[in-house]
file upload_36.csv (CSV, C-alpha atoms)
chain,number,residue,atom,x,y,z
I,55,ILE,CA,0.0,0.0,0.0
I,56,GLN,CA,2.8,2.4,0.9
I,57,SER,CA,4.1,2.3,-2.7
I,58,LEU,CA,0.6,3.5,-3.9
I,59,ILE,CA,0.5,6.6,-1.7
I,60,THR,CA,1.9,9.4,-3.7
I,61,THR,CA,0.5,12.9,-3.4
I,62,ASN,CA,2.0,14.8,-6.2
I,63,SER,CA,-0.9,16.3,-8.2
I,64,GLY,CA,1.0,15.5,-11.4
I,65,LEU,CA,0.2,11.9,-10.8
I,66,CYS,CA,-3.4,12.7,-11.9
I,67,SER,CA,-2.6,15.4,-14.5
I,68,ASN,CA,-4.0,13.3,-17.3
I,69,ILE,CA,-7.0,11.9,-15.3
I,70,THR,CA,-9.8,14.4,-15.8
I,71,ASP,CA,-12.1,12.8,-13.2
I,72,SER,CA,-9.6,12.8,-10.3
I,73,SER,CA,-10.9,16.1,-9.1
I,74,LEU,CA,-9.2,16.1,-5.7
I,75,ALA,CA,-5.8,16.5,-7.3
I,76,ALA,CA,-7.2,19.1,-9.7
I,77,ALA,CA,-9.1,20.9,-6.9
I,78,PHE,CA,-6.0,21.0,-4.7
I,79,ARG,CA,-3.8,22.5,-7.4
I,80,SER,CA,-6.6,25.0,-8.5
I,81,PHE,CA,-7.2,26.1,-4.9
I,82,TYR,CA,-3.6,26.5,-3.8
I,83,GLY,CA,-2.3,27.5,-7.2
I,84,GLY,CA,0.8,26.9,-9.3
I,85,ASP,CA,2.5,23.6,-9.1
I,86,SER,CA,1.5,23.0,-5.5
I,87,ASP,CA,1.0,19.5,-4.2
I,88,ALA,CA,0.1,17.7,-1.0
I,89,ASP,CA,3.7,16.6,-0.4
I,90,GLN,CA,4.7,20.2,0.4
I,91,TRP,CA,1.9,20.5,2.9
I,92,MET,CA,2.9,17.2,4.6
I,93,ASN,CA,6.6,18.1,4.7
I,94,ALA,CA,5.7,21.5,6.4
I,95,ALA,CA,3.7,19.6,9.0
I,96,PHE,CA,6.6,17.2,9.7
I,97,ASP,CA,9.3,20.0,9.7
I,98,GLY,CA,7.4,22.7,11.5
I,99,THR,CA,7.9,25.2,8.7
I,100,THR,CA,6.1,27.7,6.5
I,101,VAL,CA,5.4,26.7,2.9
I,102,ALA,CA,4.0,28.7,0.1
I,103,LEU,CA,1.4,26.8,-2.0
I,104,GLY,CA,0.9,29.1,-4.9
I,105,THR,CA,-0.4,32.4,-3.3
I,106,ARG,CA,-1.4,30.7,0.0
I,107,LEU,CA,0.9,30.3,3.0
I,108,ILE,CA,0.6,27.2,5.2
I,109,GLU,CA,2.1,28.1,8.6
I,110,PHE,CA,3.2,25.2,10.8
I,111,GLY,CA,6.1,27.1,12.4
I,112,THR,CA,4.0,28.3,15.3
I,113,ALA,CA,2.1,25.1,15.8
I,114,SER,CA,3.1,22.8,18.7
I,115,LEU,CA,4.7,19.4,18.0
I,116,PRO,CA,1.5,17.5,19.1
I,117,THR,CA,-0.5,19.6,16.7
I,118,ARG,CA,1.9,19.0,13.8
I,119,THR,CA,1.9,15.2,14.7
I,120,SER,CA,-1.9,15.1,14.5
I,121,ALA,CA,-1.9,17.1,11.3
I,122,ALA,CA,0.6,14.8,9.7
I,123,ARG,CA,-1.3,11.7,10.8
I,124,TYR,CA,-4.7,12.9,9.5
I,125,GLY,CA,-3.1,14.6,6.5
I,126,ALA,CA,-1.7,11.2,5.4
I,127,LEU,CA,-5.4,10.2,5.1
I,128,THR,CA,-7.1,13.3,3.8
I,129,LEU,CA,-4.4,14.2,1.3
I,130,ASN,CA,-2.1,11.2,0.5
I,131,ILE,CA,-4.5,8.3,0.7
I,132,LEU,CA,-7.6,9.9,-0.6
I,133,MET,CA,-5.8,11.5,-3.5
I,134,ALA,CA,-4.1,8.3,-4.4
I,135,LEU,CA,-7.4,6.4,-4.1
I,136,GLU,CA,-9.1,8.7,-6.6
I,137,CYS,CA,-6.1,8.5,-9.0
I,138,GLN,CA,-6.4,4.7,-9.0
I,139,ILE,CA,-10.1,4.4,-9.5
I,140,PHE,CA,-10.1,6.8,-12.5
I,141,GLN,CA,-7.0,5.1,-14.0
I,142,ALA,CA,-9.1,1.9,-13.9
I,143,VAL,CA,-11.9,3.8,-15.6
I,144,ASP,CA,-9.6,5.1,-18.3
I,145,ALA,CA,-8.0,1.7,-19.0
I,146,THR,CA,-11.5,0.2,-19.3
I,147,CYS,CA,-12.9,2.9,-21.5
I,148,ASN,CA,-9.9,3.1,-23.8
I,149,GLY,CA,-10.8,-0.3,-25.3
I,150,LEU,CA,-7.8,-2.2,-24.1
I,151,GLY,CA,-9.6,-5.5,-24.2
I,152,VAL,CA,-11.8,-7.7,-22.1
I,153,ASP,CA,-10.3,-8.8,-18.7
I,154,ASN,CA,-8.0,-5.7,-18.7
I,155,VAL,CA,-5.2,-6.5,-16.3
I,156,ASP,CA,-4.1,-2.9,-15.9
I,157,ALA,CA,-7.6,-1.7,-15.0
I,158,GLN,CA,-8.1,-4.6,-12.5
I,159,LEU,CA,-4.8,-3.8,-10.8
I,160,ALA,CA,-5.7,-0.1,-10.5
I,161,TRP,CA,-9.2,-1.0,-9.2
I,162,ASP,CA,-7.7,-3.4,-6.6
I,163,ALA,CA,-5.2,-0.8,-5.5
I,164,ALA,CA,-8.0,1.7,-4.9
I,165,TYR,CA,-9.8,-0.9,-2.8
I,166,ALA,CA,-6.6,-1.4,-0.7
I,167,LEU,CA,-6.3,2.4,-0.3
I,168,TYR,CA,-9.9,2.5,0.9
I,169,THR,CA,-9.8,-0.4,3.4
I,170,GLY,CA,-6.2,-0.6,4.5
I,171,SER,CA,-5.6,-3.8,6.4
I,172,GLU,CA,-8.4,-3.3,9.0
I,173,ALA,CA,-11.6,-3.6,7.1
I,174,GLU,CA,-13.2,-6.0,9.6
I,175,LEU,CA,-14.9,-5.6,13.0
I,176,GLU,CA,-13.8,-8.1,15.5
I,177,GLU,CA,-15.5,-8.1,19.0
I,178,GLY,CA,-16.2,-4.5,18.7
I,179,PHE,CA,-12.6,-3.5,18.0
I,180,LEU,CA,-11.6,-1.6,14.9
I,181,GLY,CA,-8.0,-0.7,14.0
I,182,GLY,CA,-6.5,1.0,11.0
I,183,TYR,CA,-6.3,4.5,9.9
I,184,PHE,CA,-7.7,4.5,6.3
I,185,ILE,CA,-11.0,5.6,4.9
I,186,TYR,CA,-12.9,2.6,6.1
I,187,SER,CA,-11.8,3.1,9.7
I,188,LEU,CA,-12.6,6.8,9.6
I,189,SER,CA,-16.1,6.1,8.2
I,190,GLN,CA,-16.7,3.7,11.1
I,191,THR,CA,-15.8,6.3,13.6
I,192,MET,CA,-17.9,9.0,11.9
I,193,CYS,CA,-21.0,6.7,11.6
I,194,VAL,CA,-21.0,6.5,15.4
I,195,GLU,CA,-20.4,10.2,15.9
I,196,PHE,CA,-23.2,11.1,13.4
I,197,GLY,CA,-25.6,8.2,14.0
I,198,THR,CA,-25.4,6.9,10.5
I,199,CYS,CA,-24.4,3.3,11.2
I,200,LYS,CA,-26.7,0.7,9.6
I,201,HIS,CA,-29.5,-0.5,12.0
I,202,ASP,CA,-28.9,-4.1,11.2
I,203,SER,CA,-25.2,-4.1,11.7
I,204,SER,CA,-22.3,-2.2,13.2
I,205,GLU,CA,-20.8,-1.3,9.8
I,206,ALA,CA,-21.1,2.2,8.4
I,207,ARG,CA,-23.6,2.5,5.5
I,208,ILE,CA,-20.9,4.3,3.6
I,209,ASN,CA,-18.6,1.4,3.9
I,210,THR,CA,-21.2,-1.2,3.0
I,211,ASP,CA,-22.1,0.8,-0.1
I,212,ALA,CA,-18.5,1.5,-1.1
I,213,LEU,CA,-17.4,-2.1,-0.7
I,214,GLN,CA,-20.3,-3.3,-2.8
I,215,LEU,CA,-19.4,-0.9,-5.5
I,216,PHE,CA,-15.8,-2.2,-5.5
I,217,VAL,CA,-17.0,-5.8,-5.9
I,218,THR,CA,-19.5,-5.1,-8.7
I,219,GLY,CA,-17.1,-2.7,-10.4
I,220,ARG,CA,-14.6,-5.4,-10.9
I,221,ALA,CA,-17.1,-7.3,-13.0
I,222,ASP,CA,-17.7,-4.2,-15.1
I,223,ILE,CA,-14.0,-4.0,-15.8
I,224,THR,CA,-13.8,-7.7,-16.7
I,225,ASN,CA,-16.6,-7.2,-19.2
I,226,GLY,CA,-15.4,-3.8,-20.5
I,227,ARG,CA,-18.5,-1.9,-19.4
I,228,CYS,CA,-17.2,1.7,-19.6
I,229,ALA,CA,-20.3,3.6,-18.5
I,230,ASP,CA,-21.0,1.4,-15.6
I,231,ILE,CA,-17.5,1.5,-14.2
I,232,ARG,CA,-17.4,5.3,-14.6
I,233,GLU,CA,-20.6,5.6,-12.6
I,234,LYS,CA,-19.4,3.4,-9.8
I,235,ALA,CA,-16.1,5.3,-9.7
I,236,LEU,CA,-17.9,8.6,-9.2
I,237,LYS,CA,-20.0,7.1,-6.5
I,238,ILE,CA,-17.0,5.7,-4.6
I,239,GLN,CA,-15.3,9.1,-4.9
I,240,ALA,CA,-18.3,10.8,-3.4
I,241,LEU,CA,-18.6,8.2,-0.6
I,242,SER,CA,-14.9,8.5,0.2
I,243,ARG,CA,-15.2,12.2,0.8
I,244,VAL,CA,-18.1,12.1,3.3
I,245,PRO,CA,-16.1,11.0,6.4
I,246,ILE,CA,-13.5,13.7,5.7
I,247,ILE,CA,-16.2,16.4,5.7
I,248,GLN,CA,-17.7,14.8,8.8
I,249,GLY,CA,-14.4,14.7,10.5
I,250,LEU,CA,-13.9,18.4,9.9
I,251,LEU,CA,-17.4,19.2,11.2
I,252,ARG,CA,-16.9,17.1,14.3
I,253,ALA,CA,-13.5,18.6,15.2
I,254,LEU,CA,-14.8,22.2,14.7
I,255,TYR,CA,-17.8,21.4,16.8
I,256,ALA,CA,-15.5,20.1,19.6
I,257,ILE,CA,-13.5,23.3,19.5
I,258,LYS,CA,-16.3,25.8,19.2
I,259,GLU,CA,-19.0,24.2,21.3
I,260,GLN,CA,-17.1,22.0,23.7
I,261,ALA,CA,-14.1,24.2,24.4
I,262,ASP,CA,-11.8,21.4,23.2
I,263,GLN,CA,-8.4,23.1,22.8
I,264,ARG,CA,-6.3,19.9,22.7
I,265,ASP,CA,-3.4,20.0,20.2
I,266,ASN,CA,-4.4,16.8,18.5
I,267,THR,CA,-7.9,18.2,17.8
I,268,GLN,CA,-6.4,21.3,16.2
I,269,GLY,CA,-4.1,19.2,14.1
I,270,GLU,CA,-7.1,17.2,12.9
I,271,VAL,CA,-8.9,20.4,11.9
I,272,PHE,CA,-5.8,21.5,9.9
I,273,ALA,CA,-5.6,18.2,8.0
I,274,MET,CA,-9.4,17.9,7.3
I,275,ALA,CA,-9.6,21.5,6.2
I,276,ALA,CA,-6.6,21.2,3.9
I,277,ALA,CA,-8.7,18.7,1.8
I,278,VAL,CA,-12.2,20.1,2.3
I,279,ALA,CA,-11.4,23.7,1.4
I,280,PRO,CA,-10.4,22.8,-2.2
I,281,MET,CA,-13.4,20.5,-2.6
I,282,VAL,CA,-15.8,23.2,-1.4
I,283,SER,CA,-14.0,25.8,-3.6
I,284,GLN,CA,-15.0,23.9,-6.7
I,285,CYS,CA,-18.6,24.7,-5.8
I,286,SER,CA,-18.1,28.1,-4.2
I,287,THR,CA,-14.7,29.9,-4.2
I,288,GLY,CA,-15.7,32.2,-1.4
I,289,SER,CA,-16.7,29.3,0.9
I,290,GLY,CA,-13.4,27.5,0.3
I,291,ASP,CA,-11.6,30.7,1.3
I,292,ILE,CA,-13.6,31.0,4.5
I,293,ILE,CA,-12.7,27.4,5.5
I,294,PHE,CA,-9.0,28.1,4.7
I,295,LYS,CA,-9.0,31.3,6.8
I,296,ASP,CA,-11.3,30.3,9.8
I,297,THR,CA,-9.5,27.0,10.4
I,298,GLY,CA,-6.1,28.6,10.8
I,299,LEU,CA,-4.4,27.1,7.8
I,300,SER,CA,-3.1,30.6,6.9
I,301,ASN,CA,-0.3,32.1,9.1
I,302,GLY,CA,-1.0,29.6,12.0
I,303,SER,CA,-3.8,31.5,13.7
I,304,PRO,CA,-7.4,31.9,12.6
I,305,GLU,CA,-9.1,35.3,12.5
I,306,ASP,CA,-12.0,34.2,14.7
I,307,GLY,CA,-10.0,32.6,17.4
I,308,VAL,CA,-11.3,29.0,16.7
I,309,LEU,CA,-7.8,27.6,16.9
I,310,GLN,CA,-4.7,28.3,18.9
I,311,GLY,CA,-1.6,29.3,17.1
call {"tool": "encode", "arguments": {"input": "upload_36.csv", "output": "structure tokens"}}
result
Amino acid sequence: IQSLITTNSGLCSNITDSSLAAAFRSFYGGDSDADQWMNAAFDGTTVALGTRLIEFGTASLPTRTSAARYGALTLNILMALECQIFQAVDATCNGLGVDNVDAQLAWDAAYALYTGSEAELEEGFLGGYFIYSLSQTMCVEFGTCKHDSSEARINTDALQLFVTGRADITNGRCADIREKALKIQALSRVPIIQGLLRALYAIKEQADQRDNTQGEVFAMAAAVAPMVSQCSTGSGDIIFKDTGLSNGSPEDGVLQG
């Protein structure tokens, strides 16, 4: 899995549907990519992503640790997942033949990036740090777990799409695999948005000023702001500013420096 996680937006430069990479570059500008954001979190430095400054120099070590941990998920893993599913779509739709090995490998890689190694619940314990695990956490927080099981509905739906999508690839069904890829992309983003909402609520309404919560906000907002900006540029800017991604301190005092 580690070899699949690359965050350079250039990885998806020829994949038109991989909109997280496109959104990230459009929002932050220039040749910015998520590796620069992650390195700044690790090193405690300021980095210029296009016209926007990301300031980790004033953040505490625990805040940066949390930001790097969640950033690996919201930027590295999610971006790589989207790249793989749409590479599978392109390989299928470009008429490379029935039982396309390249498309199947890319689709399986996307599945691995979604689940990690902990896509099972055993005696109530859930490990792992990938999209599947975050969705499980968020379904408890937001009350969206399936009534007849302990699995998040998002996970149930996404895993079913992965299974049926592989049959579409085998049979060269271009329209069907593209539709499933778009659905997986949308489902994968839900727990990231939920994570940002939960962390902001904890800070604003529950006076949670723990460093790890602030780092979680940094990481979630780094991905959500570009997503939202695709729909409303002004709203993406508000998320960027109010969550303290710029210059290390938010204007409304939501986060500590």
call {"tool": "closest_atom_pairs", "arguments": {"input": "upload_36.csv", "of": "region 115-211 of chain I", "to": "region 255-263 of chain I", "cutoff": "12 Å", "atoms": "only C-alpha atoms", "output": "Markdown table"}}
result
| residue | atom | partner | partner_atom | distance |
| --- | --- | --- | --- | --- |
| I:Pro116 | CA | I:Gln263 | CA | 12.0 |
| I:Thr117 | CA | I:Gln263 | CA | 10.6 |
| I:Glu195 | CA | I:Tyr255 | CA | 11.5 |
call {"tool": "residues_near_point", "arguments": {"input": "upload_36.csv", "point": "(-2.6, 24.6, -6.3)", "cutoff": "10 Å", "atoms": "only C-alpha atoms", "output": "VMD selection string"}}
result
chain I and resid 63 75 to 88 103 to 106 280
call {"tool": "closest_residue", "arguments": {"input": "upload_36.csv", "among": "I:Phe196, I:Phe272, I:Tyr186, I:Phe216", "to": "Ala164 (chain I)", "atoms": "all atoms listed in the file"}}
result
I:Phe216
call {"tool": "closest_residue", "arguments": {"input": "upload_36.csv", "among": "I:Gln90, I:Ser171, I:Gln214, I:Thr224", "to": "Ala142 (chain I)", "atoms": "only C-alpha atoms"}}
result
I:Thr224
call {"tool": "closest_residue", "arguments": {"input": "upload_36.csv", "among": "I:Ile185, I:Ala145, I:Cys199, I:Ile238", "to": "Ala160 (chain I)", "atoms": "only C-alpha atoms"}}
result
I:Ala145
call {"tool": "closest_atom_pairs", "arguments": {"input": "upload_36.csv", "of": "region 222-300 of chain I", "to": "region 135-140 of chain I", "cutoff": "12 Å", "atoms": "only C-alpha atoms", "output": "Markdown table"}}
result
| residue | atom | partner | partner_atom | distance |
| --- | --- | --- | --- | --- |
| I:Ile223 | CA | I:Ile139 | CA | 11.2 |
| I:Cys228 | CA | I:Phe140 | CA | 11.3 |
| I:Ile231 | CA | I:Ile139 | CA | 9.2 |
| I:Arg232 | CA | I:Phe140 | CA | 7.7 |
| I:Glu233 | CA | I:Phe140 | CA | 10.6 |
| I:Lys234 | CA | I:Ile139 | CA | 9.4 |
| I:Ala235 | CA | I:Ile139 | CA | 6.1 |
| I:Leu236 | CA | I:Phe140 | CA | 8.7 |
| I:Lys237 | CA | I:Ile139 | CA | 10.7 |
| I:Ile238 | CA | I:Ile139 | CA | 8.6 |
| I:Gln239 | CA | I:Glu136 | CA | 6.4 |
| I:Ala240 | CA | I:Glu136 | CA | 10.0 |
| I:Leu241 | CA | I:Glu136 | CA | 11.2 |
| I:Ser242 | CA | I:Leu135 | CA | 8.9 |
| I:Arg243 | CA | I:Glu136 | CA | 10.2 |
call {"tool": "atom_distance", "arguments": {"input": "upload_36.csv", "atom1": "CA of Met92 (chain I)", "atom2": "CA of Thr128 (chain I)"}}
result
10.8 Å
call {"tool": "atom_distance", "arguments": {"input": "upload_36.csv", "atom1": "CA of Asn154 (chain I)", "atom2": "CA of Leu129 (chain I)"}}
result
28.4 Å
call {"tool": "closest_residue", "arguments": {"input": "upload_36.csv", "among": "I:Met133, I:Leu167, I:Ala206, I:Val155", "to": "Asn225 (chain I)", "atoms": "all atoms listed in the file"}}
result
I:Val155
call {"tool": "atom_distance", "arguments": {"input": "upload_36.csv", "atom1": "CA of Val278 (chain I)", "atom2": "CA of Phe294 (chain I)"}}
result
8.9 Å
call {"tool": "closest_residue", "arguments": {"input": "upload_36.csv", "among": "I:Ile108, I:Leu159, I:Leu115, I:Met192", "to": "Asp265 (chain I)", "atoms": "only C-alpha atoms"}}
result
I:Leu115
call {"tool": "closest_residue", "arguments": {"input": "upload_36.csv", "among": "I:Arg220, I:Arg207, I:Arg227, I:Arg123", "to": "Met274 (chain I)", "atoms": "all atoms listed in the file"}}
result
I:Arg123
